[in-house]
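Q: If it helps, the file is called upload23.pdb and holds PDB, C-alpha atoms:
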ATOM      1  CA  MET O1346    -102.945-101.539  77.701
ATOM      2  CA  PRO O1347    -102.633 -98.279  75.723
ATOM      3  CA  ALA O1348    -101.682 -98.500  72.054
ATOM      4  CA  LYS O1349     -98.037 -97.894  71.220
ATOM      5  CA  ASN O1350     -96.921 -94.234  71.277
ATOM      6  CA  ILE O1351    -100.261 -92.866  72.552
ATOM      7  CA  VAL O1352     -98.732 -92.258  75.980
ATOM      8  CA  LYS O1353     -96.287 -89.375  75.428
ATOM      9  CA  ILE O1354     -92.970 -88.554  77.056
ATOM     10  CA  TYR O1355     -92.840 -84.764  77.179
ATOM     11  CA  VAL O1356     -89.261 -83.499  77.195
ATOM     12  CA  LYS O1357     -88.111 -79.915  76.768
ATOM     13  CA  ASP O1358     -85.933 -79.645  73.626
ATOM     14  CA  GLY O1359     -86.978 -83.194  72.710
ATOM     15  CA  PHE O1360     -87.261 -84.537  69.157
ATOM     16  CA  TYR O1361     -90.375 -86.511  68.200
ATOM     17  CA  HIS O1362     -91.837 -88.503  65.352
ATOM     18  CA  VAL O1363     -95.507 -87.502  65.356
ATOM     19  CA  TYR O1364     -98.162 -89.099  63.183
ATOM     20  CA  ASN O1365    -101.890 -89.655  62.819
ATOM     21  CA  ARG O1366    -104.299 -91.097  60.276
ATOM     22  CA  GLY O1367    -107.943 -90.705  59.353
ATOM     23  CA  VAL O1368    -110.628 -92.413  61.395
ATOM     24  CA  GLU O1369    -111.329 -95.891  59.963
ATOM     25  CA  LYS O1370    -108.242 -95.245  57.778
ATOM     26  CA  ARG O1371    -110.291 -92.830  55.665
ATOM     27  CA  ASP O1372    -108.663 -90.155  53.529
ATOM     28  CA  VAL O1373    -108.243 -86.805  55.243
ATOM     29  CA  PHE O1374    -106.873 -84.993  52.164
ATOM     30  CA  LEU O1375    -109.248 -85.293  49.219
ATOM     31  CA  ASP O1376    -107.900 -82.656  46.855
ATOM     32  CA  LYS O1377    -105.057 -80.149  46.401
ATOM     33  CA  GLN O1378    -106.912 -77.492  48.364
ATOM     34  CA  ASP O1379    -107.011 -79.738  51.449
ATOM     35  CA  TYR O1380    -103.237 -80.202  51.396
ATOM     36  CA  ARG O1381    -102.680 -76.487  50.899
ATOM     37  CA  VAL O1382    -105.018 -75.529  53.739
ATOM     38  CA  PHE O1383    -103.180 -77.860  56.129
ATOM     39  CA  LEU O1384     -99.864 -76.359  54.976
ATOM     40  CA  ARG O1385    -101.242 -72.857  55.566
ATOM     41  CA  PHE O1386    -102.258 -73.811  59.106
ATOM     42  CA  LEU O1387     -98.715 -75.056  59.727
ATOM     43  CA  LYS O1388     -97.258 -71.857  58.297
ATOM     44  CA  GLU O1389     -99.479 -69.680  60.482
ATOM     45  CA  ALA O1390     -98.549 -71.732  63.542
ATOM     46  CA  LEU O1391     -94.783 -71.824  62.962
ATOM     47  CA  LEU O1392     -93.774 -68.589  61.241
ATOM     48  CA  SER O1393     -92.383 -65.788  63.387
ATOM     49  CA  PRO O1394     -94.915 -63.062  64.258
ATOM     50  CA  SER O1395     -92.980 -60.574  62.111
ATOM     51  CA  GLU O1396     -93.291 -62.864  59.074
ATOM     52  CA  LEU O1397     -96.995 -63.357  59.763
ATOM     53  CA  ILE O1398     -97.541 -59.591  59.626
ATOM     54  CA  ARG O1399     -96.096 -59.558  56.102
ATOM     55  CA  MET O1400     -98.487 -62.271  54.898
ATOM     56  CA  LYS O1401    -101.633 -60.595  56.217
ATOM     57  CA  LYS O1402    -104.266 -60.097  53.546
ATOM     58  CA  GLU O1403    -106.216 -56.980  52.699
ATOM     59  CA  VAL O1404    -109.659 -56.989  54.291
ATOM     60  CA  SER O1405    -112.499 -54.598  53.447
ATOM     61  CA  PHE O1406    -114.967 -53.499  56.116
ATOM     62  CA  LYS O1407    -117.533 -50.708  55.797
ATOM     63  CA  GLY O1408    -115.701 -49.147  52.887
ATOM     64  CA  ALA O1409    -112.296 -49.178  54.578
ATOM     65  CA  THR O1410    -109.451 -51.495  53.524
ATOM     66  CA  PHE O1411    -106.775 -52.695  55.903
ATOM     67  CA  LYS O1412    -104.356 -55.580  56.299
ATOM     68  CA  GLY O1413    -105.121 -58.201  58.888
ATOM     69  CA  LEU O1414    -106.176 -61.720  59.786
ATOM     70  CA  MET O1415    -109.811 -62.036  60.772
ATOM     71  CA  LYS O1416    -108.935 -64.270  63.734
ATOM     72  CA  PRO O1417    -105.203 -64.708  64.405
ATOM     73  CA  PRO O1418    -104.442 -68.409  65.037
ATOM     74  CA  LYS O1419    -102.306 -69.647  67.904
ATOM     75  CA  ASN O1420     -98.630 -69.220  67.140
ATOM     76  CA  PHE O1421     -95.897 -71.633  68.256
ATOM     77  CA  TYR O1422     -92.819 -69.841  66.965
ATOM     78  CA  GLY O1423     -90.057 -70.395  69.522
ATOM     79  CA  LYS O1424     -91.960 -73.362  70.951
ATOM     80  CA  ILE O1425     -91.974 -75.857  68.058
ATOM     81  CA  GLU O1426     -89.479 -76.479  65.256
ATOM     82  CA  MET O1427     -90.576 -78.482  62.197
ATOM     83  CA  HIS O1428     -87.693 -80.506  60.752
ATOM     84  CA  VAL O1429     -89.493 -82.948  58.423
ATOM     85  CA  TYR O1430     -93.084 -83.377  57.283
ATOM     86  CA  SER O1431     -94.965 -85.551  54.833
ATOM     87  CA  PHE O1432     -98.666 -85.818  53.950
ATOM     88  CA  MET O1433    -100.381 -88.821  52.399
ATOM     89  CA  PRO O1434    -104.096 -89.037  51.541
ATOM     90  CA  ASN O1435    -105.048 -90.720  54.832
ATOM     91  CA  HIS O1436    -102.271 -89.702  57.245
ATOM     92  CA  PHE O1437     -99.433 -87.329  58.073
ATOM     93  CA  HIS O1438     -95.955 -87.530  59.598
ATOM     94  CA  PHE O1439     -93.935 -84.848  61.393
ATOM     95  CA  LEU O1440     -90.419 -84.902  62.765
ATOM     96  CA  LEU O1441     -90.376 -81.978  65.154
ATOM     97  CA  LYS O1442     -88.629 -80.538  68.173
ATOM     98  CA  GLN O1443     -90.538 -79.094  71.105
ATOM     99  CA  LEU O1444     -88.621 -76.277  72.756
ATOM    100  CA  GLU O1445     -90.966 -76.089  75.720
ATOM    101  CA  GLU O1446     -92.384 -78.995  77.682
ATOM    102  CA  ARG O1447     -95.851 -79.986  76.366
ATOM    103  CA  SER O1448     -95.813 -77.403  73.569
ATOM    104  CA  MET O1449     -96.130 -80.346  71.156
ATOM    105  CA  HIS O1450     -99.521 -81.276  72.598
ATOM    106  CA  GLN O1451    -100.810 -77.698  72.303
ATOM    107  CA  PHE O1452     -99.466 -77.406  68.760
ATOM    108  CA  LEU O1453    -101.003 -80.668  67.525
ATOM    109  CA  HIS O1454    -104.326 -79.911  69.167
ATOM    110  CA  SER O1455    -104.453 -76.453  67.602
ATOM    111  CA  ILE O1456    -103.663 -77.376  63.998
ATOM    112  CA  THR O1457    -105.729 -80.574  63.880
ATOM    113  CA  THR O1458    -108.745 -78.855  65.442
ATOM    114  CA  ARG O1459    -108.536 -76.082  62.858
ATOM    115  CA  TYR O1460    -108.256 -78.642  60.060
ATOM    116  CA  VAL O1461    -111.188 -80.758  61.275
ATOM    117  CA  ILE O1462    -113.395 -77.650  61.413
ATOM    118  CA  TYR O1463    -112.344 -76.736  57.851
ATOM    119  CA  PHE O1464    -112.784 -80.297  56.523
ATOM    120  CA  ASN O1465    -116.170 -80.912  58.126
ATOM    121  CA  LYS O1466    -117.525 -77.592  56.883
ATOM    122  CA  LYS O1467    -116.239 -78.156  53.338
ATOM    123  CA  TYR O1468    -117.546 -81.715  53.032
ATOM    124  CA  LYS O1469    -120.696 -81.205  55.125
ATOM    125  CA  ARG O1470    -119.876 -83.821  57.736
ATOM    126  CA  VAL O1471    -119.730 -84.004  61.538
ATOM    127  CA  GLY O1472    -117.654 -85.901  64.056
ATOM    128  CA  ALA O1473    -114.055 -86.981  64.444
ATOM    129  CA  LEU O1474    -111.777 -86.953  61.411
ATOM    130  CA  PHE O1475    -108.601 -88.469  62.862
ATOM    131  CA  GLN O1476    -108.351 -91.983  64.247
ATOM    132  CA  SER O1477    -107.348 -91.037  67.779
ATOM    133  CA  ALA O1478    -105.146 -88.684  69.693
ATOM    134  CA  TYR O1479    -101.919 -88.229  67.725
ATOM    135  CA  LYS O1480     -99.122 -90.711  68.340
ATOM    136  CA  ALA O1481     -95.587 -89.602  69.187
ATOM    137  CA  SER O1482     -92.291 -91.450  69.447
ATOM    138  CA  PHE O1483     -89.481 -89.795  71.425
ATOM    139  CA  ILE O1484     -86.140 -89.724  69.571
ATOM    140  CA  SER O1485     -82.960 -90.090  71.608
ATOM    141  CA  GLU O1486     -80.399 -91.336  69.064
ATOM    142  CA  GLU O1487     -78.893 -89.686  65.980
ATOM    143  CA  SER O1488     -79.213 -92.902  63.974
ATOM    144  CA  TYR O1489     -82.982 -92.990  64.597
ATOM    145  CA  LEU O1490     -83.308 -89.278  63.772
ATOM    146  CA  LEU O1491     -81.612 -89.827  60.409
ATOM    147  CA  HIS O1492     -83.608 -93.005  59.735
ATOM    148  CA  LEU O1493     -86.886 -91.170  60.371
ATOM    149  CA  SER O1494     -86.000 -88.266  58.091
ATOM    150  CA  ARG O1495     -85.483 -90.779  55.284
ATOM    151  CA  TYR O1496     -88.515 -92.898  56.203
ATOM    152  CA  ILE O1497     -90.901 -89.929  56.365
ATOM    153  CA  HIS O1498     -89.829 -88.540  52.989
ATOM    154  CA  ARG O1499     -89.897 -91.948  51.297
ATOM    155  CA  ASN O1500     -93.414 -92.643  52.613
ATOM    156  CA  ASN O1501     -94.807 -90.758  49.625
ATOM    157  CA  LEU O1502     -93.386 -93.333  47.203
ATOM    158  CA  GLN O1503     -96.642 -95.221  47.787
ATOM    159  CA  TYR O1504     -98.414 -92.466  45.870
ATOM    160  CA  THR O1505     -95.878 -90.894  43.505
ATOM    161  CA  ASP O1506     -92.707 -91.788  41.614
ATOM    162  CA  ASP O1507     -91.366 -88.235  41.962
ATOM    163  CA  LEU O1508     -90.740 -87.222  45.580
ATOM    164  CA  LYS O1509     -90.021 -83.647  44.432
ATOM    165  CA  THR O1510     -93.737 -83.154  43.726
ATOM    166  CA  ALA O1511     -94.970 -84.813  46.928
ATOM    167  CA  TYR O1512     -96.511 -82.844  49.787
ATOM    168  CA  SER O1513     -93.439 -83.039  51.986
ATOM    169  CA  SER O1514     -90.309 -81.185  53.077
ATOM    170  CA  TYR O1515     -88.172 -83.121  50.570
ATOM    171  CA  GLY O1516     -87.801 -80.023  48.376
ATOM    172  CA  GLU O1517     -86.238 -78.125  51.277
ATOM    173  CA  TYR O1518     -83.713 -80.917  51.784
ATOM    174  CA  LEU O1519     -82.757 -80.889  48.101
ATOM    175  CA  GLY O1520     -82.338 -77.115  48.201
ATOM    176  CA  ILE O1521     -84.911 -76.505  45.464
ATOM    177  CA  ARG O1522     -87.276 -74.750  47.866
ATOM    178  CA  LYS O1523     -86.770 -72.459  50.851
ATOM    179  CA  THR O1524     -89.467 -72.358  53.534
ATOM    180  CA  ALA O1525     -88.942 -70.267  56.657
ATOM    181  CA  TRP O1526     -90.834 -72.597  59.019
ATOM    182  CA  ILE O1527     -88.991 -75.789  57.994
ATOM    183  CA  LYS O1528     -85.571 -76.469  59.580
ATOM    184  CA  PRO O1529     -83.530 -78.938  57.467
ATOM    185  CA  GLU O1530     -80.152 -77.615  58.612
ATOM    186  CA  LEU O1531     -79.668 -79.908  61.612
ATOM    187  CA  ILE O1532     -80.235 -83.186  59.772
ATOM    188  CA  LEU O1533     -78.231 -82.040  56.743
ATOM    189  CA  SER O1534     -75.353 -81.131  59.053
ATOM    190  CA  PHE O1535     -74.882 -84.805  59.979
ATOM    191  CA  PHE O1536     -73.549 -85.384  56.481
ATOM    192  CA  GLN O1537     -70.745 -82.867  56.918
ATOM    193  CA  PRO O1538     -67.235 -84.226  57.595
ATOM    194  CA  GLY O1539     -66.226 -84.227  61.251
ATOM    195  CA  LYS O1540     -69.772 -83.861  62.608
ATOM    196  CA  LEU O1541     -69.922 -84.715  66.341
ATOM    197  CA  PRO O1542     -72.925 -86.471  67.957
ATOM    198  CA  TYR O1543     -75.764 -84.070  68.805
ATOM    199  CA  LEU O1544     -78.186 -86.150  70.820
ATOM    200  CA  LYS O1545     -77.277 -87.967  74.014
ATOM    201  CA  HIS O1546     -77.306 -91.772  73.835
TER     202      HIS O1546
END
Kindly transcribe the structure held in the file into C-alpha cells.
A:
Amino acid sequence: MPAKNIVKIYVKDGFYHVYNRGVEKRDVFLDKQDYRVFLRFLKEALLSPSELIRMKKEVSFKGATFKGLMKPPKNFYGKIEMHVYSFMPNHFHFLLKQLEERSMHQFLHSITTRYVIYFNKKYKRVGALFQSAYKASFISEESYLLHLSRYIHRNNLQYTDDLKTAYSSYGEYLGIRKTAWIKPELILSFFQPGKLPYLKH
C-alpha cells in the first residue's frame, strides 16, 4: 500500500499542503547559503516574468555587458500561488494553490531538481537528496487551511525561539516583510469580521 499522501489528487484551483524531507532524514540545508539558494529558486519560479526582467543580473561576454539570466528557469507564475512556506534543516513545507491541473507536480519537480543539482555540486556528492517523491495533502476545508498555516509557521519552533528570524513566510503574515511571490492575503482575510466561507465543504 502506498505511503500516506504520496498518491496525489490533482484539482484545478486546489489548495495543498506539500512537504518533503531529506533521504534518511538527513539535513538538506547545511548553511545560510543553502536556504537562500532554495528561496531564489522559488522566487524565479513564482515571480511574474516582468518582475524577473527587473532582477536580471549584468553579464559580461567578449567585452560586452548586458542584463540577462544565463539559463532562464521554468516559470510558474499564473500556475502556482505560494501562500505559506517554512524550511527546517532536513525538510520543507509549502501551503500552495495550483491554478492549473498538475502544475503542482511540474513546479515541485522543477525546483527540487534544480536544488539537488546545486547541493550535490556544492558538497561533492551524487544521488538522491530527498526521501521520496514529495507528499501532498489536498485541503478542502477552511478550518484545515487555517490550522496548516499555523502548523507550518510554528514548525520552526523546534529550531528557534524567534519565528521572525526563521526561514518562513511568517514575516509576510506579520506585515514586517513584503514579498511579491507570497500570497498571505487569503488566509489573513479569514480574520476579518463577516468573512464568508471560501472553500466548499
Q: Which residues match the PyMOL selection byres ((chain O and resi 1394) around 12) in the file above, as a PyMOL selection string?
A: chain O and resi 1388-1393+1395-1401+1417-1423+1526
Q: Leaving out Tyr1430 in chain O and any residue of its chain fewer than 5 positions from it, which residues lie within 12 Å of it when counting all atoms listed in the file, given as number ranges by chain?
A: O: 1361-1364, 1383-1384, 1387, 1436-1441, 1493-1501, 1511-1518, 1526-1529
Q: Given only C-alpha atoms, how would the per-residue table for range 1432-1507 of chain O near range 1374-1377 of chain O read, listing every residue at most 9 Å away with its closest atom pair and distance in Å to one decimal, sorted by chain and number, as a tab-separated table?
A:
residue	atom	partner	partner_atom	distance
O:Phe1432	CA	O:Phe1374	CA	8.4
O:Met1433	CA	O:Phe1374	CA	7.5
O:Pro1434	CA	O:Phe1374	CA	4.9
O:Asn1435	CA	O:Phe1374	CA	6.6
O:His1436	CA	O:Phe1374	CA	8.3
O:Phe1464	CA	O:Phe1374	CA	8.7
Q: Enumerate, as a PyMOL selection string, the residues matched when the PyMOL selection byres ((chain O and resi 1530) around 12) is run on the file above.
A: chain O and resi 1426-1429+1517-1520+1523-1529+1531-1537
Q: Skip Glu1446 in chain O itself and residues of its chain fewer than 5 positions away, then list as a PyMOL selection string all residues within 6 Å of it, counting all atoms listed in the file.
A: chain O and resi 1355-1357
Q: Hey, what comes out of the PyMOL selection byres ((chain O and resi 1358) around 7) on this file? Could you write it as a ChimeraX atom specification?
A: /O:1356-1357,1359-1360,1442-1445
Q: Write out as JSON an axis-aligned box for range 1353-1360 of chain O: all of its atoms listed in the file, 3 Å added on each side, centre and edge lengths in Å with one decimal.
A:
{"center_x": -91.1, "center_y": -84.5, "center_z": 73.2, "size_x": 16.4, "size_y": 15.7, "size_z": 14.0}
Q: Which residue, O:Ile1354, O:Ile1425, O:Ile1456, O:Leu1474, has the smallest gap to Val1373 in chain O when you use all atoms listed in the file?
A: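 Closest candidate: O:Leu1474.
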Q: Please, what distance in Å, to one decimal, runs between CA of Gln1451 in chain O and CA of Phe1483 in chain O?
A: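 That distance, rounded to one decimal, is 16.6 Å.
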Q: Report, in Å with one decimal, the straight-line distance from CA of Ala1481 in chain O to CA of Arg1371 in chain O.
A: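 We find that CA of Ala1481 in chain O and CA of Arg1371 in chain O lie 20.2 Å from each other.
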Q: So, with all atoms listed in the file as the atoms that count, which of O:Asp1379, O:Thr1510, O:Thr1458, O:Asn1365 lies closest to Gly1472 in chain O?
A: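 Looking at the shortest contact to Gly1472 in chain O, the residue is O:Thr1458.
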Q: Nearest to Ile1462 in chain O: which of O:Phe1475, O:Ser1448, O:Leu1491, O:Tyr1504 is it, counting all atoms listed in the file?
A: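 The answer is O:Phe1475, which sits nearest to Ile1462 in chain O.
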Q: Here is a test: counting all atoms listed in the file, which residue of O:Ala1473, O:Asp1506, O:Phe1386, O:Gly1367 is nearest to Leu1453 in chain O?
A: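 Using all atoms listed in the file, the shortest distance to Leu1453 in chain O belongs to O:Phe1386.
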Q: If you measure from CA of Tyr1479 in chain O to CA of Arg1447 in chain O, what distance in Å do you get, rounded to one decimal?
A: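 Atom-to-atom, CA of Tyr1479 in chain O to CA of Arg1447 in chain O, that is 13.4 Å.
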